[in-house]
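Okay, model-v1.txt now, which holds compact mmCIF, C-alpha atoms and all ligand atoms:
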```
# COMPACT_ATOMS: atom_id res chain seq x y z
CA MET A 19 -148.03 -17.79 91.76
CA ASN A 20 -145.10 -20.07 92.24
CA LYS A 21 -146.65 -23.33 91.24
CA SER A 22 -144.71 -25.24 88.64
CA PHE A 23 -146.68 -26.75 85.83
CA ALA A 24 -145.73 -29.77 83.81
CA LYS A 25 -145.96 -28.14 80.43
CA PRO A 26 -146.43 -30.80 77.73
CA VAL A 27 -143.77 -30.80 75.05
CA SER A 28 -145.30 -30.96 71.62
CA THR A 29 -143.31 -32.51 68.80
CA PHE A 30 -145.47 -30.54 66.37
CA ASP A 31 -143.41 -27.77 64.74
CA VAL A 32 -145.65 -24.91 65.78
CA ALA A 33 -142.94 -22.27 65.22
CA ASN A 34 -142.89 -23.15 61.53
CA ILE A 35 -146.67 -23.02 61.37
CA ARG A 36 -146.77 -19.63 63.07
CA ALA A 37 -144.37 -18.25 60.50
CA ASP A 38 -147.09 -18.91 57.90
CA PHE A 39 -149.55 -16.58 59.67
CA PRO A 40 -148.38 -12.98 59.28
CA ILE A 41 -150.83 -11.50 61.78
CA LEU A 42 -149.39 -13.56 64.62
CA ALA A 43 -146.23 -11.44 64.52
CA ARG A 44 -148.06 -8.26 65.48
CA THR A 45 -148.59 -6.80 68.91
CA VAL A 46 -151.79 -5.57 70.57
CA HIS A 47 -151.66 -2.86 73.22
CA GLY A 48 -147.89 -3.27 73.09
CA LYS A 49 -148.11 -6.97 73.99
CA PRO A 50 -147.54 -10.00 71.75
CA LEU A 51 -150.81 -11.10 70.19
CA VAL A 52 -152.24 -14.22 71.88
CA PHE A 53 -155.10 -15.17 69.62
CA LEU A 54 -157.48 -17.55 71.39
CA ASP A 55 -160.65 -16.89 69.40
CA SER A 56 -160.28 -19.20 66.42
CA ALA A 57 -163.70 -20.74 67.04
CA ALA A 58 -165.19 -17.38 66.07
CA SER A 59 -162.92 -17.02 63.05
CA ALA A 60 -159.44 -18.33 62.39
CA GLN A 61 -156.42 -16.36 61.19
CA LYS A 62 -155.20 -16.87 57.63
CA PRO A 63 -151.92 -18.34 56.43
CA ARG A 64 -149.85 -16.52 53.81
CA GLN A 65 -150.75 -19.30 51.36
CA VAL A 66 -154.43 -18.25 51.50
CA ILE A 67 -153.65 -14.53 51.41
CA ASP A 68 -151.33 -15.09 48.42
CA ALA A 69 -153.90 -17.20 46.57
CA VAL A 70 -156.53 -14.46 46.97
CA THR A 71 -154.06 -11.76 45.91
CA LYS A 72 -153.05 -13.80 42.87
CA VAL A 73 -156.63 -14.12 41.67
CA TYR A 74 -157.35 -10.42 42.06
CA SER A 75 -154.06 -9.32 40.56
CA GLN A 76 -153.72 -11.84 37.72
CA GLU A 77 -156.60 -14.23 37.20
CA TYR A 78 -159.82 -12.42 37.97
CA ALA A 79 -162.98 -12.55 35.85
CA ASN A 80 -166.53 -13.76 36.34
CA VAL A 81 -167.07 -17.51 36.06
CA HIS A 82 -169.17 -19.77 33.84
CA ARG A 83 -169.92 -17.01 31.33
CA GLY A 84 -166.96 -15.80 29.35
CA ALA A 85 -165.45 -17.53 26.36
CA TYR A 86 -162.16 -15.77 26.97
CA TYR A 87 -158.98 -16.91 28.68
CA LEU A 88 -159.40 -15.11 32.00
CA SER A 89 -162.96 -16.25 32.52
CA GLU A 90 -162.02 -19.79 31.65
CA THR A 91 -159.15 -19.61 34.13
CA ALA A 92 -161.37 -18.23 36.88
CA THR A 93 -163.96 -20.91 36.16
CA ALA A 94 -161.34 -23.65 36.24
CA ASN A 95 -159.96 -22.34 39.55
CA TYR A 96 -163.43 -22.00 41.08
CA GLU A 97 -164.38 -25.51 40.04
CA ALA A 98 -161.00 -26.84 41.19
CA ALA A 99 -161.83 -25.44 44.64
CA ARG A 100 -165.04 -27.45 44.57
CA GLU A 101 -163.05 -30.60 43.85
CA LYS A 102 -160.70 -29.77 46.75
CA VAL A 103 -163.71 -29.53 49.08
CA ARG A 104 -165.11 -32.78 47.70
CA ALA A 105 -161.88 -34.64 48.36
CA PHE A 106 -161.45 -33.01 51.79
CA ILE A 107 -164.77 -34.36 53.05
CA ASN A 108 -164.79 -37.46 50.84
CA ALA A 109 -168.03 -36.67 49.05
CA ARG A 110 -168.89 -38.93 46.14
CA SER A 111 -169.18 -36.18 43.56
CA VAL A 112 -168.51 -32.47 43.03
CA SER A 113 -172.18 -32.08 42.18
CA GLU A 114 -172.86 -32.65 45.89
CA ILE A 115 -170.83 -29.56 46.88
CA VAL A 116 -172.83 -26.32 46.95
CA PHE A 117 -170.95 -23.10 47.68
CA THR A 118 -172.80 -20.66 49.93
CA LYS A 119 -171.70 -17.53 51.73
CA GLY A 120 -171.32 -19.43 54.98
CA ALA A 121 -172.70 -22.14 57.21
CA THR A 122 -175.60 -19.91 58.21
CA GLU A 123 -176.71 -19.57 54.62
CA ALA A 124 -176.24 -23.30 54.06
CA ILE A 125 -178.54 -24.15 56.98
CA ASN A 126 -181.10 -21.61 55.81
CA LEU A 127 -180.90 -23.19 52.37
CA VAL A 128 -181.70 -26.63 53.76
CA ALA A 129 -184.55 -25.26 55.88
CA ALA A 130 -186.02 -23.17 53.06
CA THR A 131 -185.80 -25.82 50.35
CA TYR A 132 -185.72 -29.30 51.84
CA GLY A 133 -187.72 -28.18 54.85
CA ARG A 134 -190.51 -26.42 52.99
CA ALA A 135 -190.76 -29.11 50.35
CA PHE A 136 -190.71 -32.16 52.59
CA LEU A 137 -191.89 -31.20 56.09
CA LYS A 138 -195.49 -30.58 57.06
CA ALA A 139 -197.50 -29.74 60.17
CA GLY A 140 -196.82 -32.20 62.98
CA ASP A 141 -193.53 -33.46 61.57
CA GLU A 142 -190.70 -33.21 64.07
CA ILE A 143 -187.20 -31.77 63.86
CA VAL A 144 -184.78 -32.78 66.60
CA LEU A 145 -182.09 -30.35 67.74
CA THR A 146 -179.88 -30.43 70.82
CA ALA A 147 -179.60 -27.90 73.62
CA VAL A 148 -176.05 -26.98 72.53
CA GLU A 149 -176.93 -25.55 69.12
CA HIS A 150 -175.70 -22.24 67.74
CA HIS A 151 -178.51 -19.79 66.88
CA SER A 152 -177.72 -20.51 63.21
CA ASN A 153 -178.96 -24.02 63.79
CA ILE A 154 -182.04 -22.97 65.75
CA VAL A 155 -183.58 -19.91 64.12
CA PRO A 156 -183.87 -21.28 60.54
CA TRP A 157 -185.86 -24.21 61.98
CA GLN A 158 -188.08 -21.84 63.95
CA LEU A 159 -188.81 -19.96 60.72
CA LEU A 160 -189.65 -23.29 59.13
CA ARG A 161 -191.84 -24.23 62.10
CA ASP A 162 -193.73 -20.94 61.77
CA ALA A 163 -194.21 -21.53 58.05
CA THR A 164 -195.20 -25.21 58.15
CA GLY A 165 -196.44 -26.08 61.64
CA CYS A 166 -193.69 -28.62 62.16
CA VAL A 167 -192.50 -29.19 65.73
CA LEU A 168 -189.04 -28.69 67.27
CA ARG A 169 -187.88 -31.20 69.86
CA ILE A 170 -184.77 -30.59 71.89
CA ALA A 171 -182.38 -33.26 73.17
CA PRO A 172 -180.95 -32.19 76.54
CA VAL A 173 -177.33 -31.50 77.43
CA SER A 174 -175.76 -33.14 80.49
CA PRO A 175 -174.17 -30.90 83.14
CA ASP A 176 -170.66 -31.71 81.83
CA GLY A 177 -171.69 -30.70 78.31
CA SER A 178 -172.15 -34.20 76.91
CA ILE A 179 -175.05 -35.30 74.78
CA ASP A 180 -176.29 -38.53 76.29
CA ILE A 181 -177.32 -40.92 73.56
CA ALA A 182 -180.02 -42.56 75.74
CA GLU A 183 -181.56 -39.13 76.40
CA PHE A 184 -181.31 -38.34 72.71
CA ALA A 185 -183.14 -41.53 71.85
CA LYS A 186 -186.08 -40.34 73.97
CA VAL A 187 -186.80 -37.32 71.77
CA ILE A 188 -186.51 -39.11 68.47
CA GLY A 189 -189.51 -41.05 67.21
CA PRO A 190 -191.74 -41.98 64.30
CA LYS A 191 -192.67 -38.32 63.70
CA THR A 192 -189.02 -37.24 63.42
CA LYS A 193 -188.26 -36.18 59.87
CA LEU A 194 -185.00 -34.33 60.42
CA VAL A 195 -182.23 -34.23 63.00
CA ALA A 196 -180.10 -31.07 62.86
CA ILE A 197 -177.17 -31.01 65.29
CA ALA A 198 -173.69 -29.65 65.78
CA HIS A 199 -170.76 -31.94 65.07
CA VAL A 200 -168.76 -30.05 67.72
CA SER A 201 -170.19 -27.45 70.12
CA ASN A 202 -168.77 -23.95 69.61
CA VAL A 203 -169.22 -23.17 73.32
CA LEU A 204 -168.26 -26.38 75.09
CA GLY A 205 -166.04 -28.12 72.57
CA THR A 206 -168.11 -31.29 73.01
CA VAL A 207 -167.73 -33.69 70.11
CA LEU A 208 -171.24 -35.07 69.67
CA PRO A 209 -171.78 -38.81 69.08
CA VAL A 210 -172.87 -38.02 65.53
CA ARG A 211 -172.44 -41.49 64.05
CA GLU A 212 -174.71 -43.04 66.71
CA ILE A 213 -177.22 -40.22 66.31
CA ALA A 214 -177.19 -40.69 62.51
CA ASP A 215 -178.07 -44.34 63.07
CA LEU A 216 -180.93 -43.36 65.41
CA ALA A 217 -182.21 -40.87 62.85
CA HIS A 218 -182.07 -43.32 59.98
CA ALA A 219 -183.74 -46.03 62.04
CA VAL A 220 -186.90 -43.87 62.12
CA GLY A 221 -186.52 -42.80 58.49
CA ALA A 222 -185.33 -39.27 59.31
CA LYS A 223 -182.55 -37.32 57.62
CA ILE A 224 -179.66 -35.83 59.57
CA MET A 225 -177.87 -32.55 59.04
CA LEU A 226 -174.59 -31.84 60.79
CA ASP A 227 -173.49 -28.29 61.53
CA GLY A 228 -169.78 -28.83 60.97
CA CYS A 229 -168.54 -25.28 61.64
CA GLN A 230 -166.27 -26.46 64.45
CA GLY A 231 -166.14 -30.15 63.54
CA ILE A 232 -164.48 -29.63 60.17
CA VAL A 233 -161.65 -27.72 61.87
CA HIS A 234 -160.77 -30.21 64.57
CA ARG A 235 -161.82 -33.60 63.25
CA HIS A 236 -161.20 -35.57 60.09
CA VAL A 237 -164.52 -35.39 58.24
CA ASP A 238 -165.61 -38.16 55.91
CA VAL A 239 -169.25 -37.48 55.13
CA GLN A 240 -169.82 -41.04 53.96
CA ASP A 241 -168.34 -42.46 57.17
CA LEU A 242 -170.29 -40.04 59.37
CA GLY A 243 -173.48 -41.34 57.85
CA CYS A 244 -175.08 -37.90 57.59
CA ASP A 245 -177.30 -36.57 54.82
CA PHE A 246 -176.29 -32.89 54.97
CA TYR A 247 -173.03 -31.38 56.26
CA VAL A 248 -172.43 -27.63 56.40
CA PHE A 249 -169.45 -25.48 57.33
CA SER A 250 -167.90 -22.02 56.89
CA GLY A 251 -164.56 -21.34 55.22
CA HIS A 252 -163.43 -18.62 57.60
CA LYS A 253 -163.07 -20.96 60.58
CA LEU A 254 -161.02 -23.35 58.46
CA TYR A 255 -158.26 -20.75 57.85
CA GLY A 256 -159.97 -19.64 54.63
CA PRO A 257 -161.64 -16.35 53.66
CA THR A 258 -164.94 -14.99 54.93
CA GLY A 259 -167.96 -15.07 52.64
CA ILE A 260 -167.66 -18.72 51.65
CA GLY A 261 -169.38 -21.76 53.06
CA VAL A 262 -170.26 -25.24 51.95
CA LEU A 263 -173.40 -27.30 51.88
CA TRP A 264 -172.76 -30.94 51.18
CA ALA A 265 -175.85 -33.07 50.60
CA ARG A 266 -176.45 -36.48 49.11
CA ALA A 267 -177.04 -36.18 45.38
CA ALA A 268 -180.57 -37.60 45.55
CA LEU A 269 -181.55 -34.94 48.08
CA LEU A 270 -180.15 -32.06 46.02
CA ASP A 271 -181.96 -33.46 42.99
CA ALA A 272 -185.25 -33.53 44.88
CA MET A 273 -184.90 -30.12 46.56
CA PRO A 274 -186.37 -27.04 44.88
CA PRO A 275 -184.03 -24.09 44.24
CA TYR A 276 -183.21 -21.66 47.04
CA GLN A 277 -182.84 -18.38 45.15
CA GLY A 278 -183.62 -17.54 41.55
CA GLY A 279 -181.26 -15.75 39.21
CA GLY A 280 -178.48 -16.21 36.72
CA ASP A 281 -176.53 -19.46 36.52
CA MET A 282 -179.15 -21.61 38.28
CA ILE A 283 -181.34 -22.13 35.23
CA ASP A 284 -181.45 -24.40 32.25
CA THR A 285 -183.90 -22.39 30.11
CA VAL A 286 -185.96 -19.30 30.89
CA THR A 287 -189.10 -18.07 29.19
CA PHE A 288 -191.69 -15.77 30.71
CA ALA A 289 -194.01 -18.75 30.86
CA LYS A 290 -191.68 -21.29 32.44
CA THR A 291 -188.15 -21.76 33.74
CA THR A 292 -186.29 -25.00 34.17
CA TRP A 293 -183.40 -25.52 36.58
CA ALA A 294 -179.78 -26.33 36.06
CA GLN A 295 -178.46 -29.51 37.64
CA PRO A 296 -176.99 -29.31 41.19
CA PRO A 297 -174.87 -27.68 42.38
CA ALA A 298 -175.59 -24.82 39.93
CA LYS A 299 -179.30 -25.06 40.82
CA PHE A 300 -178.41 -23.69 44.27
CA GLU A 301 -175.84 -21.09 43.22
CA ALA A 302 -177.88 -18.22 41.79
CA GLY A 303 -175.95 -15.14 40.73
CA THR A 304 -172.24 -14.44 40.70
CA PRO A 305 -170.84 -16.78 43.35
CA PRO A 306 -168.10 -16.00 45.89
CA ILE A 307 -165.43 -16.82 43.31
CA VAL A 308 -162.31 -15.55 45.04
CA GLN A 309 -163.47 -16.74 48.44
CA ALA A 310 -164.00 -20.27 47.11
CA ILE A 311 -160.54 -20.27 45.55
CA GLY A 312 -159.16 -19.02 48.90
CA LEU A 313 -160.94 -21.87 50.66
CA GLY A 314 -159.31 -24.26 48.21
CA ALA A 315 -155.93 -22.77 49.18
CA ALA A 316 -156.75 -23.26 52.87
CA ILE A 317 -157.54 -26.91 52.18
CA ASP A 318 -154.26 -27.29 50.25
CA TYR A 319 -152.51 -25.77 53.24
CA LEU A 320 -154.10 -28.18 55.70
CA ASN A 321 -153.38 -31.10 53.39
CA SER A 322 -149.71 -30.10 53.35
CA LEU A 323 -149.56 -30.69 57.12
CA ASP A 324 -149.64 -33.87 59.15
CA ARG A 325 -153.26 -33.54 60.25
CA ILE A 326 -152.93 -36.22 62.90
CA ALA A 327 -150.09 -34.23 64.44
CA VAL A 328 -152.25 -31.08 64.22
CA ALA A 329 -155.11 -32.81 66.03
CA GLU A 330 -152.76 -34.13 68.72
CA HIS A 331 -151.29 -30.66 69.17
CA GLU A 332 -154.75 -29.10 69.55
CA ASP A 333 -155.80 -31.80 72.00
CA ALA A 334 -152.64 -31.23 74.04
CA LEU A 335 -153.35 -27.48 74.12
CA LEU A 336 -156.88 -28.15 75.31
CA ARG A 337 -155.81 -30.57 78.03
CA TYR A 338 -153.12 -28.18 79.26
CA ALA A 339 -155.57 -25.27 79.25
CA MET A 340 -158.14 -27.29 81.19
CA THR A 341 -155.52 -28.18 83.79
CA ARG A 342 -154.17 -24.66 84.13
CA LEU A 343 -157.53 -22.91 84.25
CA ALA A 344 -158.98 -25.38 86.74
CA GLN A 345 -156.12 -24.56 89.12
CA ILE A 346 -157.00 -20.87 89.30
CA PRO A 347 -159.11 -20.28 92.41
CA GLY A 348 -162.62 -19.09 91.50
CA VAL A 349 -162.44 -20.33 87.92
CA ARG A 350 -164.99 -22.96 86.89
CA LEU A 351 -164.68 -24.82 83.62
CA ILE A 352 -167.87 -25.01 81.56
CA GLY A 353 -167.75 -28.05 79.30
CA THR A 354 -165.80 -31.03 80.56
CA ALA A 355 -167.27 -33.81 78.42
CA PRO A 356 -164.99 -36.79 77.78
CA HIS A 357 -164.91 -36.15 74.03
CA LYS A 358 -163.85 -32.60 73.33
CA ALA A 359 -162.16 -30.49 70.70
CA ALA A 360 -160.08 -27.37 71.22
CA VAL A 361 -162.64 -25.04 72.84
CA GLN A 362 -162.88 -24.19 76.53
CA SER A 363 -165.47 -22.01 78.22
CA PHE A 364 -165.17 -20.92 81.81
CA VAL A 365 -166.57 -18.49 84.34
CA MET A 366 -164.72 -16.65 87.08
CA GLU A 367 -166.49 -16.04 90.34
CA GLY A 368 -167.29 -12.36 90.82
CA ALA A 369 -166.15 -11.26 87.35
CA HIS A 370 -168.41 -10.71 84.38
CA PRO A 371 -167.12 -12.46 81.25
CA HIS A 372 -167.16 -9.19 79.30
CA ASP A 373 -165.06 -7.42 81.93
CA LEU A 374 -162.72 -10.38 82.00
CA ALA A 375 -162.29 -10.36 78.21
CA THR A 376 -161.62 -6.61 78.28
CA VAL A 377 -158.90 -6.99 80.89
CA LEU A 378 -157.38 -9.97 79.04
CA ASP A 379 -157.28 -7.86 75.90
CA ARG A 380 -155.00 -5.37 77.67
CA HIS A 381 -152.59 -8.29 78.03
CA GLY A 382 -152.84 -9.03 74.31
CA VAL A 383 -155.03 -12.08 74.93
CA CYS A 384 -158.05 -12.33 72.60
CA VAL A 385 -160.90 -14.42 73.97
CA ARG A 386 -164.63 -14.30 73.39
CA ALA A 387 -167.18 -13.46 76.06
CA GLY A 388 -170.94 -13.64 76.04
CA HIS A 389 -173.55 -16.17 75.05
CA HIS A 390 -171.65 -17.28 71.93
CA CYS A 391 -174.87 -17.29 69.88
CA ALA A 392 -176.15 -20.11 72.08
CA GLN A 393 -178.58 -18.50 74.51
CA PRO A 394 -180.63 -21.68 75.08
CA LEU A 395 -177.42 -23.47 76.06
CA MET A 396 -176.57 -20.72 78.55
CA GLU A 397 -180.02 -21.20 80.07
CA ALA A 398 -179.63 -24.98 80.22
CA LEU A 399 -176.28 -24.59 81.99
CA GLY A 400 -177.60 -21.92 84.37
CA VAL A 401 -175.16 -19.19 83.32
CA THR A 402 -175.81 -15.92 81.50
CA ALA A 403 -172.49 -15.85 79.70
CA THR A 404 -169.08 -17.47 79.66
CA THR A 405 -165.57 -16.55 78.62
CA ARG A 406 -164.25 -18.84 75.90
CA ALA A 407 -160.74 -19.64 74.79
CA SER A 408 -160.47 -21.58 71.55
CA PHE A 409 -157.37 -22.96 69.96
CA GLY A 410 -156.10 -23.27 66.43
CA LEU A 411 -153.16 -25.14 65.00
CA TYR A 412 -150.93 -22.09 65.54
CA ASN A 413 -151.40 -21.76 69.30
CA THR A 414 -148.70 -22.68 71.79
CA MET A 415 -148.45 -23.94 75.34
CA GLU A 416 -146.86 -20.57 76.19
CA GLU A 417 -150.04 -18.87 75.02
CA VAL A 418 -152.01 -21.05 77.42
CA ASP A 419 -149.65 -19.82 80.14
CA ALA A 420 -150.24 -16.25 78.97
CA LEU A 421 -154.00 -16.78 79.31
CA ALA A 422 -153.69 -18.28 82.77
CA ASN A 423 -151.31 -15.58 83.96
CA ALA A 424 -153.53 -12.83 82.53
CA LEU A 425 -156.52 -14.37 84.32
CA VAL A 426 -154.69 -14.24 87.64
CA ARG A 427 -153.80 -10.61 86.98
CA ALA A 428 -157.40 -9.89 85.97
CA GLN A 429 -158.58 -11.29 89.29
CA GLU A 430 -156.38 -8.76 91.06
CA VAL A 431 -157.96 -5.94 89.06
CA LEU A 432 -161.58 -7.08 89.08
CA LEU A 433 -162.08 -8.72 92.47
N1 LIG A 501 -172.62 -23.16 63.92
C1 LIG A 501 -171.58 -23.17 64.74
C2 LIG A 501 -171.35 -24.37 65.63
C3 LIG A 501 -170.70 -22.09 64.79
O1 LIG A 501 -169.66 -22.11 65.61
C4 LIG A 501 -170.95 -20.98 63.93
C5 LIG A 501 -170.06 -19.77 63.97
N2 LIG A 501 -169.79 -19.30 65.26
C6 LIG A 501 -172.04 -21.03 63.07
C7 LIG A 501 -172.85 -22.13 63.08
C8 LIG A 501 -172.34 -19.91 62.11
O2 LIG A 501 -171.31 -19.78 61.18
P1 LIG A 501 -171.23 -18.53 60.20
O3 LIG A 501 -171.46 -17.32 61.04
O4 LIG A 501 -169.86 -18.61 59.63
O5 LIG A 501 -172.29 -18.72 59.16
```
Please rewrite the model in this file as structure tokens.
Amino acid sequence: MNKSFAKPVSTFDVANIRADFPILARTVHGKPLVFLDSAASAQKPRQVIDAVTKVYSQEYANVHRGAYYLSETATANYEAAREKVRAFINARSVSEIVFTKGATEAINLVAATYGRAFLKAGDEIVLTAVEHHSNIVPWQLLRDATGCVLRIAPVSPDGSIDIAEFAKVIGPKTKLVAIAHVSNVLGTVLPVREIADLAHAVGAKIMLDGCQGIVHRHVDVQDLGCDFYVFSGHKLYGPTGIGVLWARAALLDAMPPYQGGGDMIDTVTFAKTTWAQPPAKFEAGTPPIVQAIGLGAAIDYLNSLDRIAVAEHEDALLRYAMTRLAQIPGVRLIGTAPHKAAVQSFVMEGAHPHDLATVLDRHGVCVRAGHHCAQPLMEALGVTATTRASFGLYNTMEEVDALANALVRAQEVLL
């Protein structure tokens, strides 16, 4: 192909950023690694890796229990991570920050505690057609247990959520709205503030699945107007095994515990047990101590950057990728909503997404292929699977070129 492309010049110092991520220097199949799967899980900067190593090598002990120096240090570091999360999302209090093992567990926690305590047969939960299975299946389990009803707001062909259509599925029976902040398949940024207003107008609560939103948008839970916000640390450049449930204090106070065990109690007798105050009430057992501290380090890392410049860089990558991919004959973009974050799905005529991803891998390009844990969305869009490129703060315009060039080469092999 001899077309010339107007490659945007980013003023963001991506070379410096990349130097922070050791894995980006490696090769795959003898080719430079082009990592375009950050929506599944992001790579980790040295600052996070070092923070985790430091805990294990110098500051490790269980938390909340020991009266000795190391345990006190571990407790202080674990609780400091909670404060970092609080500040990052502008929650009112650290007691509103519950550590979980991930977003999936956080959603299950809300369904199992808030859902079982406050929803009954006939009550309605509104989801959208773009949800990840993690934000569908826990509500189905709740439906099966309580007889509540799931209502689904449709997705437009371009991947948008139309607020007028959304308003049609919300009503006096709605008790909870549970929706993605940003779609992991389409990159659509949902109109969450407007939807929160619709939910509150009928007296419903709203939970945002912020797995992708927290990465690409500034999140202020008070500004967003939501009641619950959940996310995973590993997509935010932090470790696996750590997630966050933020909920308004009054809700956490009213919710029964999720799991029973050590640390979540006030007093225990065989006759009766009383609960600790939130967040401890929801953190039974030894928590993910090191992972939480690693998440705190990831937040420190992000705070050390100009996050507006990061967002502009990611948006520029997305726009360039959309332009380049759309120019490849036979490639169709899936997800072209006006408000999008750095995720792009596409299909290539005549090539199965899995085959495409396998061929791209031989060029060192890591993309995801399949239903992306969103089978109902695939059905709504009339596709069985897509290929998805997703961008992180460390990606470059040259990597978008590498993707586009590898796709053209893949066409030669597959078609
Ligand atoms: N929701 C969305 C929008 C996601 O992208 C993901 C991860 N792909 C999840 C939920 C589940 O996150 P985790 O597997 O980290 O619990």
Q. So which one's closest to A:Thr402, A:Asn423, A:Ser89, A:Val385, A:Val365? Using only C-alpha atoms, please.
A. A:Val365
Collect all residues with atoms no farther than 8 Å from ligand LIG 501 (chain A), counting only C-alpha atoms and all ligand atoms, and output them as a tab-separated table (two decimals) with C-alpha atoms, in the coordinates of the input.
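Dumped to out.tsv:
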```tsv
chain	number	residue	atom	x	y	z
A	57	ALA	CA	-163.70	-20.74	67.04
A	58	ALA	CA	-165.19	-17.38	66.07
A	59	SER	CA	-162.92	-17.02	63.05
A	119	LYS	CA	-171.70	-17.53	51.73
A	120	GLY	CA	-171.32	-19.43	54.98
A	121	ALA	CA	-172.70	-22.14	57.21
A	122	THR	CA	-175.60	-19.91	58.21
A	123	GLU	CA	-176.71	-19.57	54.62
A	124	ALA	CA	-176.24	-23.30	54.06
A	149	GLU	CA	-176.93	-25.55	69.12
A	150	HIS	CA	-175.70	-22.24	67.74
A	151	HIS	CA	-178.51	-19.79	66.88
A	152	SER	CA	-177.72	-20.51	63.21
A	153	ASN	CA	-178.96	-24.02	63.79
A	198	ALA	CA	-173.69	-29.65	65.78
A	199	HIS	CA	-170.76	-31.94	65.07
A	200	VAL	CA	-168.76	-30.05	67.72
A	201	SER	CA	-170.19	-27.45	70.12
A	202	ASN	CA	-168.77	-23.95	69.61
A	203	VAL	CA	-169.22	-23.17	73.32
A	227	ASP	CA	-173.49	-28.29	61.53
A	228	GLY	CA	-169.78	-28.83	60.97
A	229	CYS	CA	-168.54	-25.28	61.64
A	230	GLN	CA	-166.27	-26.46	64.45
A	249	PHE	CA	-169.45	-25.48	57.33
A	250	SER	CA	-167.90	-22.02	56.89
A	251	GLY	CA	-164.56	-21.34	55.22
A	252	HIS	CA	-163.43	-18.62	57.60
A	253	LYS	CA	-163.07	-20.96	60.58
A	258	THR	CA	-164.94	-14.99	54.93
A	261	GLY	CA	-169.38	-21.76	53.06
A	390	HIS	CA	-171.65	-17.28	71.93
A	391	CYS	CA	-174.87	-17.29	69.88
```
Q.
Just want the 12 Å neighbourhood of A:Ala182, counted on only C-alpha atoms, with same-chain residues fewer than 6 positions away dropped. Output as a list of chain:residue names.
A. A:Ala171, A:Pro172, A:Val173, A:Ser174, A:Ile188, A:Pro209, A:Glu212, A:Ile213, A:Leu216
(Q) So the first atom is atom CA of A:Leu313 and the second is atom CA of A:Pro257; what is the distance between them in Å, to one decimal place? (A) 6.3 Å
Residue contacts of A:Gln277 (10 Å, only C-alpha atoms) excluding same-chain residues fewer than 5 positions away, as an mmCIF file with C-alpha atoms, keeping the file's coordinate frame:
```cif
data_model
loop_
_atom_site.group_PDB
_atom_site.id
_atom_site.type_symbol
_atom_site.label_atom_id
_atom_site.label_comp_id
_atom_site.auth_asym_id
_atom_site.auth_seq_id
_atom_site.Cartn_x
_atom_site.Cartn_y
_atom_site.Cartn_z
ATOM 1 C CA LEU A 127 -180.900 -23.190 52.370
ATOM 2 C CA ALA A 130 -186.020 -23.170 53.060
ATOM 3 C CA THR A 131 -185.800 -25.820 50.350
ATOM 4 C CA MET A 282 -179.150 -21.610 38.280
ATOM 5 C CA LYS A 299 -179.300 -25.060 40.820
ATOM 6 C CA PHE A 300 -178.410 -23.690 44.270
ATOM 7 C CA GLU A 301 -175.840 -21.090 43.220
ATOM 8 C CA ALA A 302 -177.880 -18.220 41.790
ATOM 9 C CA GLY A 303 -175.950 -15.140 40.730
#
```
Q) Mind listing as an MDAnalysis selection string all residues within 8 Å of (-160.7, -26.3, 48.6), counting only C-alpha atoms? A) chainID A and resid 98:104 106 310:318
Q: Take the point (-161.0, -6.4, 75.5) as written in the file and pick out every residue within 12 Å of it, counting all atoms listed in the file; give the list as a ChimeraX atom specification.
A: /A:46-47,371-387,405,428
Generate a file of the selected residues that holds C-alpha atoms, formatted as a short mmCIF file (atom, residue, chain, number, x, y, z; two decimals), in the coordinates of the input.
```
data_model
loop_
_atom_site.label_atom_id
_atom_site.label_comp_id
_atom_site.auth_asym_id
_atom_site.auth_seq_id
_atom_site.Cartn_x
_atom_site.Cartn_y
_atom_site.Cartn_z
CA VAL A 46 -151.79 -5.57 70.57
CA HIS A 47 -151.66 -2.86 73.22
CA PRO A 371 -167.12 -12.46 81.25
CA HIS A 372 -167.16 -9.19 79.30
CA ASP A 373 -165.06 -7.42 81.93
CA LEU A 374 -162.72 -10.38 82.00
CA ALA A 375 -162.29 -10.36 78.21
CA THR A 376 -161.62 -6.61 78.28
CA VAL A 377 -158.90 -6.99 80.89
CA LEU A 378 -157.38 -9.97 79.04
CA ASP A 379 -157.28 -7.86 75.90
CA ARG A 380 -155.00 -5.37 77.67
CA HIS A 381 -152.59 -8.29 78.03
CA GLY A 382 -152.84 -9.03 74.31
CA VAL A 383 -155.03 -12.08 74.93
CA CYS A 384 -158.05 -12.33 72.60
CA VAL A 385 -160.90 -14.42 73.97
CA ARG A 386 -164.63 -14.30 73.39
CA ALA A 387 -167.18 -13.46 76.06
CA THR A 405 -165.57 -16.55 78.62
CA ALA A 428 -157.40 -9.89 85.97
#
```
Q | Near-A:Ser75 list (12 Å; only C-alpha atoms; drop same-chain fewer than 5 positions) as a ChimeraX atom specification | A | /A:68-70,88,308
Q: Measure the distance from atom CA of A:Pro306 to atom CA of A:Val155 in Å and round it to one decimal.
A: 24.2 Å
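Proximity ranking of A:Pro297, A:Pro274, A:Gly243, A:Pro394 relative to A:Phe136 places A:Pro274 first, based on only C-alpha atoms.
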